[in-house]
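Visitor: Take a look at start08.pdb, PDB, C-alpha atoms, pLDDT in the B column:
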ATOM      1  CA  MET N   1     -35.629  -5.561 -20.105  1.00 54.00           C
ATOM      2  CA  SER N   2     -37.770  -2.766 -21.510  1.00 57.00           C
ATOM      3  CA  ASP N   3     -39.305  -2.125 -18.079  1.00 55.00           C
ATOM      4  CA  TRP N   4     -35.797  -1.739 -16.640  1.00 55.00           C
ATOM      5  CA  PHE N   5     -35.029   1.100 -19.078  1.00 59.00           C
ATOM      6  CA  ALA N   6     -38.420   2.783 -18.619  1.00 58.00           C
ATOM      7  CA  GLY N   7     -38.577   6.342 -17.355  1.00 62.00           C
ATOM      8  CA  VAL N   8     -39.185   5.456 -13.692  1.00 64.00           C
ATOM      9  CA  PRO N   9     -37.779   2.094 -12.577  1.00 71.00           C
ATOM     10  CA  THR N  10     -40.026   0.116 -10.249  1.00 81.00           C
ATOM     11  CA  HIS N  11     -39.271  -2.295  -7.449  1.00 84.00           C
ATOM     12  CA  GLY N  12     -40.975  -5.002  -9.534  1.00 86.00           C
ATOM     13  CA  ALA N  13     -38.483  -4.502 -12.361  1.00 84.00           C
ATOM     14  CA  LEU N  14     -35.581  -4.749  -9.915  1.00 87.00           C
ATOM     15  CA  PHE N  15     -37.030  -7.889  -8.320  1.00 91.00           C
ATOM     16  CA  LYS N  16     -37.568  -9.497 -11.719  1.00 91.00           C
ATOM     17  CA  ARG N  17     -33.978  -8.832 -12.820  1.00 90.00           C
ATOM     18  CA  CYS N  18     -32.607 -10.162  -9.506  1.00 92.00           C
ATOM     19  CA  MET N  19     -34.673 -13.343  -9.806  1.00 94.00           C
ATOM     20  CA  ILE N  20     -33.499 -13.866 -13.397  1.00 94.00           C
ATOM     21  CA  ASN N  21     -29.899 -13.586 -12.162  1.00 94.00           C
ATOM     22  CA  VAL N  22     -30.619 -16.076  -9.354  1.00 95.00           C
ATOM     23  CA  ALA N  23     -32.144 -18.542 -11.822  1.00 96.00           C
ATOM     24  CA  TRP N  24     -29.075 -18.324 -14.069  1.00 95.00           C
ATOM     25  CA  ALA N  25     -26.771 -18.844 -11.090  1.00 95.00           C
ATOM     26  CA  ILE N  26     -28.723 -21.909  -9.906  1.00 95.00           C
ATOM     27  CA  ALA N  27     -28.672 -23.393 -13.394  1.00 96.00           C
ATOM     28  CA  LEU N  28     -24.935 -22.761 -13.674  1.00 95.00           C
ATOM     29  CA  ILE N  29     -24.282 -24.383 -10.283  1.00 95.00           C
ATOM     30  CA  PHE N  30     -26.237 -27.480 -11.342  1.00 95.00           C
ATOM     31  CA  VAL N  31     -24.222 -27.709 -14.562  1.00 95.00           C
ATOM     32  CA  MET N  32     -20.987 -27.366 -12.603  1.00 95.00           C
ATOM     33  CA  MET N  33     -22.194 -30.057 -10.191  1.00 95.00           C
ATOM     34  CA  PHE N  34     -22.993 -32.350 -13.119  1.00 95.00           C
ATOM     35  CA  LEU N  35     -19.525 -31.766 -14.574  1.00 95.00           C
ATOM     36  CA  GLY N  36     -17.907 -32.405 -11.204  1.00 94.00           C
ATOM     37  CA  LEU N  37     -16.108 -29.080 -10.930  1.00 93.00           C
ATOM     38  CA  PRO N  38     -14.587 -28.010  -7.591  1.00 93.00           C
ATOM     39  CA  ALA N  39     -16.791 -26.231  -5.052  1.00 92.00           C
ATOM     40  CA  GLU N  40     -14.614 -23.116  -5.298  1.00 94.00           C
ATOM     41  CA  TYR N  41     -16.168 -22.399  -8.680  1.00 93.00           C
ATOM     42  CA  ALA N  42     -19.643 -22.489  -7.147  1.00 93.00           C
ATOM     43  CA  ALA N  43     -18.450 -20.045  -4.487  1.00 94.00           C
ATOM     44  CA  VAL N  44     -17.272 -17.699  -7.234  1.00 95.00           C
ATOM     45  CA  VAL N  45     -20.700 -17.920  -8.900  1.00 95.00           C
ATOM     46  CA  VAL N  46     -22.512 -17.111  -5.637  1.00 95.00           C
ATOM     47  CA  CYS N  47     -20.189 -14.203  -4.831  1.00 96.00           C
ATOM     48  CA  GLY N  48     -20.569 -12.917  -8.380  1.00 95.00           C
ATOM     49  CA  LEU N  49     -24.339 -13.100  -8.011  1.00 95.00           C
ATOM     50  CA  LEU N  50     -24.171 -11.025  -4.829  1.00 95.00           C
ATOM     51  CA  VAL N  51     -21.934  -8.436  -6.487  1.00 96.00           C
ATOM     52  CA  VAL N  52     -24.061  -8.160  -9.637  1.00 95.00           C
ATOM     53  CA  ASN N  53     -27.335  -7.870  -7.726  1.00 94.00           C
ATOM     54  CA  GLY N  54     -25.769  -5.406  -5.296  1.00 94.00           C
ATOM     55  CA  VAL N  55     -24.492  -3.143  -8.069  1.00 94.00           C
ATOM     56  CA  MET N  56     -27.815  -3.406  -9.882  1.00 91.00           C
ATOM     57  CA  SER N  57     -29.675  -2.412  -6.690  1.00 91.00           C
ATOM     58  CA  PHE N  58     -27.320   0.524  -6.161  1.00 93.00           C
ATOM     59  CA  VAL N  59     -27.885   1.758  -9.718  1.00 89.00           C
ATOM     60  CA  PHE N  60     -31.635   1.306  -9.213  1.00 89.00           C
ATOM     61  CA  LEU N  61     -31.563   3.473  -6.074  1.00 87.00           C
ATOM     62  CA  ARG N  62     -29.510   6.129  -7.854  1.00 88.00           C
ATOM     63  CA  GLN N  63     -32.028   6.202 -10.723  1.00 83.00           C
ATOM     64  CA  ARG N  64     -34.891   6.584  -8.232  1.00 82.00           C
ATOM     65  CA  GLU N  65     -33.071   9.445  -6.502  1.00 83.00           C
ATOM     66  CA  ARG N  66     -32.500  11.229  -9.823  1.00 81.00           C
ATOM     67  CA  MET N  67     -36.158  10.900 -10.791  1.00 77.00           C
ATOM     68  CA  ARG N  68     -37.278  12.561  -7.553  1.00 71.00           C
ATOM     69  CA  ASP N  69     -35.178  15.667  -8.229  1.00 62.00           C
TER
END
Spit out the file's structure as C-alpha coordinates when you get a sec.

Guide:
Amino acid sequence: MSDWFAGVPTHGALFKRCMINVAWAIALIFVMMFLGLPAEYAAVVVCGLLVVNGVMSFVFLRQRERMRD
(Lines of atoms letter the chains of each structure in order from A and count residues from 1; the text may use other names and numbers.)
(Lines give C-alpha, C1' and ligand atoms only; values in the text may rest on other atoms or scores of the structure.)
Protein backbone atom coordinates (compact mmCIF):
# COMPACT_ATOMS: atom_id res chain seq x y z
CA MET A 1 0.00 0.00 0.00
CA SER A 2 2.93 2.37 0.45
CA ASP A 3 3.24 2.81 -3.33
CA TRP A 4 -0.44 3.80 -3.46
CA PHE A 5 0.18 6.69 -1.03
CA ALA A 6 3.41 7.78 -2.72
CA GLY A 7 3.70 11.29 -4.11
CA VAL A 8 2.82 10.38 -7.71
CA PRO A 9 0.58 7.32 -8.12
CA THR A 10 1.51 5.04 -11.00
CA HIS A 11 -0.57 2.84 -13.26
CA GLY A 12 1.30 -0.15 -11.79
CA ALA A 13 0.08 0.71 -8.29
CA LEU A 14 -3.50 1.00 -9.55
CA PHE A 15 -3.24 -2.31 -11.42
CA LYS A 16 -1.81 -4.05 -8.36
CA ARG A 17 -4.62 -2.81 -6.10
CA CYS A 18 -7.27 -3.83 -8.67
CA MET A 19 -5.78 -7.32 -8.98
CA ILE A 20 -5.68 -7.70 -5.18
CA ASN A 21 -9.39 -6.80 -5.09
CA VAL A 22 -10.12 -9.32 -7.86
CA ALA A 23 -8.25 -12.05 -5.98
CA TRP A 24 -10.26 -11.37 -2.82
CA ALA A 25 -13.51 -11.44 -4.78
CA ILE A 26 -12.63 -14.76 -6.44
CA ALA A 27 -11.69 -16.28 -3.09
CA LEU A 28 -14.94 -15.04 -1.55
CA ILE A 29 -17.00 -16.46 -4.43
CA PHE A 30 -15.33 -19.86 -3.99
CA VAL A 31 -16.09 -19.81 -0.26
CA MET A 32 -19.71 -18.89 -0.98
CA MET A 33 -19.88 -21.70 -3.54
CA PHE A 34 -18.49 -24.15 -0.99
CA LEU A 35 -21.08 -23.02 1.56
CA GLY A 36 -23.86 -23.31 -1.00
CA LEU A 37 -25.07 -19.73 -0.76
CA PRO A 38 -27.47 -18.36 -3.40
CA ALA A 39 -26.04 -16.93 -6.62
CA GLU A 40 -27.46 -13.49 -5.76
CA TYR A 41 -24.71 -13.11 -3.17
CA ALA A 42 -22.07 -13.76 -5.82
CA ALA A 43 -23.70 -11.10 -7.99
CA VAL A 44 -23.44 -8.64 -5.11
CA VAL A 45 -19.73 -9.46 -4.74
CA VAL A 46 -19.07 -8.91 -8.46
CA CYS A 47 -21.02 -5.64 -8.53
CA GLY A 48 -19.21 -4.50 -5.39
CA LEU A 49 -15.90 -5.31 -7.05
CA LEU A 50 -16.83 -3.18 -10.05
CA VAL A 51 -17.89 -0.28 -7.83
CA VAL A 52 -14.77 -0.42 -5.64
CA ASN A 53 -12.38 -0.65 -8.58
CA GLY A 54 -14.27 2.09 -10.41
CA VAL A 55 -14.10 4.48 -7.47
CA MET A 56 -10.45 3.63 -6.92
CA SER A 57 -9.69 4.35 -10.60
CA PHE A 58 -11.57 7.65 -10.40
CA VAL A 59 -9.60 8.71 -7.32
CA PHE A 60 -6.39 7.64 -9.08
CA LEU A 61 -7.21 9.85 -12.09
CA ARG A 62 -8.04 12.78 -9.81
CA GLN A 63 -4.70 12.37 -8.01
CA ARG A 64 -2.87 12.31 -11.36
CA GLU A 65 -4.69 15.47 -12.46
CA ARG A 66 -3.75 17.26 -9.23
CA MET A 67 -0.10 16.31 -9.59
CA ARG A 68 0.07 17.82 -13.08
CA ASP A 69 -1.12 21.22 -11.85

Visitor: Which value, in Å to one decimal, gives the distance between atom CA of Tyr41 of chain N and atom CA of Ala27 of chain N?

Guide: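 These atoms are spaced 13.4 Å apart.
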
Visitor: With a distance cut-off of 12 Å and all atoms listed in the file, select the neighbouring residues of Ile20 of chain N, excluding the residue or stretch itself and same-chain residues fewer than 4 positions from it, and output the selection as an NGL selection string.

Guide: :N and (1 or 13-16 or 24-27 or 49 or 52-53)

Visitor: Using only C-alpha atoms, determine which residues lie at most 8 Å from Gln63 of chain N, disregarding the query and same-chain residues fewer than 3 positions distant; provide the list as a PDB file with C-alpha atoms, in the frame of the given file.

Guide:
ATOM      1  CA  VAL N   8     -39.185   5.456 -13.692  1.00 64.00           C
ATOM      2  CA  PRO N   9     -37.779   2.094 -12.577  1.00 71.00           C
ATOM      3  CA  VAL N  59     -27.885   1.758  -9.718  1.00 89.00           C
ATOM      4  CA  PHE N  60     -31.635   1.306  -9.213  1.00 89.00           C
ATOM      5  CA  ARG N  66     -32.500  11.229  -9.823  1.00 81.00           C
ATOM      6  CA  MET N  67     -36.158  10.900 -10.791  1.00 77.00           C
TER       7      MET N  67
END

Visitor: Would you mind reading off the distance between atom CA of Glu65 of chain N and atom CA of Cys47 of chain N, one decimal, in Å?

Guide: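 A separation of 27.0 Å between them.
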
Visitor: Measuring atom to atom with only C-alpha atoms, identify which of N:Val44, N:Met19, N:Val51, N:Met56 is nearest to Met32 of chain N.

Guide: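 Ranking N:Val44, N:Met19, N:Val51, N:Met56 by distance to Met32 of chain N, first place goes to N:Val44.
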
Visitor: How far is it from atom CA of Phe58 of chain N to atom CA of Val22 of chain N, in Å with one decimal?

Guide: 17.2 Å

Visitor: Around segment 36-48 of chain N, fit a box with edges along x, y and z, padding it by 6 Å on each side, then list its centre and edge lengths in Å to one decimal as JSON.

Guide:
{"center_x": -18.5, "center_y": -22.7, "center_z": -7.8, "size_x": 19.9, "size_y": 31.5, "size_z": 18.7}

Visitor: Since fewer atoms than expected are present, regenerate N, CA and C atoms for segment 38-61 of chain N and write them as a PDB file, in the coordinates of the input.

Guide:
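Contents of the output file selection-v8.pdb:
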ATOM      1  N   PRO N  38     -14.813 -28.283  -9.017  1.00 93.00           N
ATOM      2  CA  PRO N  38     -14.587 -28.010  -7.591  1.00 93.00           C
ATOM      3  C   PRO N  38     -15.599 -27.014  -7.023  1.00 93.00           C
ATOM      4  N   ALA N  39     -15.821 -27.103  -5.723  1.00 92.00           N
ATOM      5  CA  ALA N  39     -16.791 -26.231  -5.052  1.00 92.00           C
ATOM      6  C   ALA N  39     -16.364 -24.766  -5.074  1.00 92.00           C
ATOM      7  N   GLU N  40     -15.074 -24.506  -5.251  1.00 94.00           N
ATOM      8  CA  GLU N  40     -14.614 -23.116  -5.298  1.00 94.00           C
ATOM      9  C   GLU N  40     -15.261 -22.352  -6.451  1.00 94.00           C
ATOM     10  N   TYR N  41     -15.520 -23.048  -7.546  1.00 93.00           N
ATOM     11  CA  TYR N  41     -16.168 -22.399  -8.680  1.00 93.00           C
ATOM     12  C   TYR N  41     -17.595 -21.993  -8.330  1.00 93.00           C
ATOM     13  N   ALA N  42     -18.282 -22.836  -7.577  1.00 93.00           N
ATOM     14  CA  ALA N  42     -19.643 -22.489  -7.147  1.00 93.00           C
ATOM     15  C   ALA N  42     -19.615 -21.283  -6.214  1.00 93.00           C
ATOM     16  N   ALA N  43     -18.588 -21.201  -5.373  1.00 94.00           N
ATOM     17  CA  ALA N  43     -18.450 -20.045  -4.487  1.00 94.00           C
ATOM     18  C   ALA N  43     -18.241 -18.765  -5.294  1.00 94.00           C
ATOM     19  N   VAL N  44     -17.486 -18.864  -6.368  1.00 95.00           N
ATOM     20  CA  VAL N  44     -17.272 -17.699  -7.234  1.00 95.00           C
ATOM     21  C   VAL N  44     -18.591 -17.269  -7.873  1.00 95.00           C
ATOM     22  N   VAL N  45     -19.407 -18.236  -8.291  1.00 95.00           N
ATOM     23  CA  VAL N  45     -20.700 -17.920  -8.900  1.00 95.00           C
ATOM     24  C   VAL N  45     -21.604 -17.216  -7.887  1.00 95.00           C
ATOM     25  N   VAL N  46     -21.656 -17.720  -6.661  1.00 95.00           N
ATOM     26  CA  VAL N  46     -22.512 -17.111  -5.637  1.00 95.00           C
ATOM     27  C   VAL N  46     -22.032 -15.709  -5.292  1.00 95.00           C
ATOM     28  N   CYS N  47     -20.721 -15.537  -5.123  1.00 96.00           N
ATOM     29  CA  CYS N  47     -20.189 -14.203  -4.831  1.00 96.00           C
ATOM     30  C   CYS N  47     -20.431 -13.249  -5.995  1.00 96.00           C
ATOM     31  N   GLY N  48     -20.277 -13.739  -7.198  1.00 95.00           N
ATOM     32  CA  GLY N  48     -20.569 -12.917  -8.380  1.00 95.00           C
ATOM     33  C   GLY N  48     -22.027 -12.505  -8.433  1.00 95.00           C
ATOM     34  N   LEU N  49     -22.913 -13.420  -8.059  1.00 95.00           N
ATOM     35  CA  LEU N  49     -24.339 -13.100  -8.011  1.00 95.00           C
ATOM     36  C   LEU N  49     -24.612 -11.984  -7.007  1.00 95.00           C
ATOM     37  N   LEU N  50     -23.988 -12.075  -5.839  1.00 95.00           N
ATOM     38  CA  LEU N  50     -24.171 -11.025  -4.829  1.00 95.00           C
ATOM     39  C   LEU N  50     -23.650  -9.681  -5.325  1.00 95.00           C
ATOM     40  N   VAL N  51     -22.504  -9.684  -5.982  1.00 96.00           N
ATOM     41  CA  VAL N  51     -21.934  -8.436  -6.487  1.00 96.00           C
ATOM     42  C   VAL N  51     -22.817  -7.837  -7.579  1.00 96.00           C
ATOM     43  N   VAL N  52     -23.245  -8.668  -8.528  1.00 95.00           N
ATOM     44  CA  VAL N  52     -24.061  -8.160  -9.637  1.00 95.00           C
ATOM     45  C   VAL N  52     -25.384  -7.614  -9.125  1.00 95.00           C
ATOM     46  N   ASN N  53     -26.060  -8.354  -8.250  1.00 94.00           N
ATOM     47  CA  ASN N  53     -27.335  -7.870  -7.726  1.00 94.00           C
ATOM     48  C   ASN N  53     -27.151  -6.643  -6.839  1.00 94.00           C
ATOM     49  N   GLY N  54     -26.038  -6.585  -6.114  1.00 94.00           N
ATOM     50  CA  GLY N  54     -25.769  -5.406  -5.296  1.00 94.00           C
ATOM     51  C   GLY N  54     -25.541  -4.160  -6.137  1.00 94.00           C
ATOM     52  N   VAL N  55     -24.740  -4.289  -7.176  1.00 94.00           N
ATOM     53  CA  VAL N  55     -24.492  -3.143  -8.069  1.00 94.00           C
ATOM     54  C   VAL N  55     -25.785  -2.734  -8.770  1.00 94.00           C
ATOM     55  N   MET N  56     -26.559  -3.715  -9.204  1.00 91.00           N
ATOM     56  CA  MET N  56     -27.815  -3.406  -9.882  1.00 91.00           C
ATOM     57  C   MET N  56     -28.776  -2.677  -8.934  1.00 91.00           C
ATOM     58  N   SER N  57     -28.822  -3.085  -7.671  1.00 91.00           N
ATOM     59  CA  SER N  57     -29.675  -2.412  -6.690  1.00 91.00           C
ATOM     60  C   SER N  57     -29.188  -0.996  -6.422  1.00 91.00           C
ATOM     61  N   PHE N  58     -27.873  -0.811  -6.367  1.00 93.00           N
ATOM     62  CA  PHE N  58     -27.320   0.524  -6.161  1.00 93.00           C
ATOM     63  C   PHE N  58     -27.679   1.447  -7.318  1.00 93.00           C
ATOM     64  N   VAL N  59     -27.531   0.957  -8.534  1.00 89.00           N
ATOM     65  CA  VAL N  59     -27.885   1.758  -9.718  1.00 89.00           C
ATOM     66  C   VAL N  59     -29.374   2.068  -9.702  1.00 89.00           C
ATOM     67  N   PHE N  60     -30.190   1.097  -9.316  1.00 89.00           N
ATOM     68  CA  PHE N  60     -31.635   1.306  -9.213  1.00 89.00           C
ATOM     69  C   PHE N  60     -31.942   2.444  -8.237  1.00 89.00           C
ATOM     70  N   LEU N  61     -31.309   2.424  -7.064  1.00 87.00           N
ATOM     71  CA  LEU N  61     -31.563   3.473  -6.074  1.00 87.00           C
ATOM     72  C   LEU N  61     -31.096   4.829  -6.573  1.00 87.00           C
TER      73      LEU N  61
END
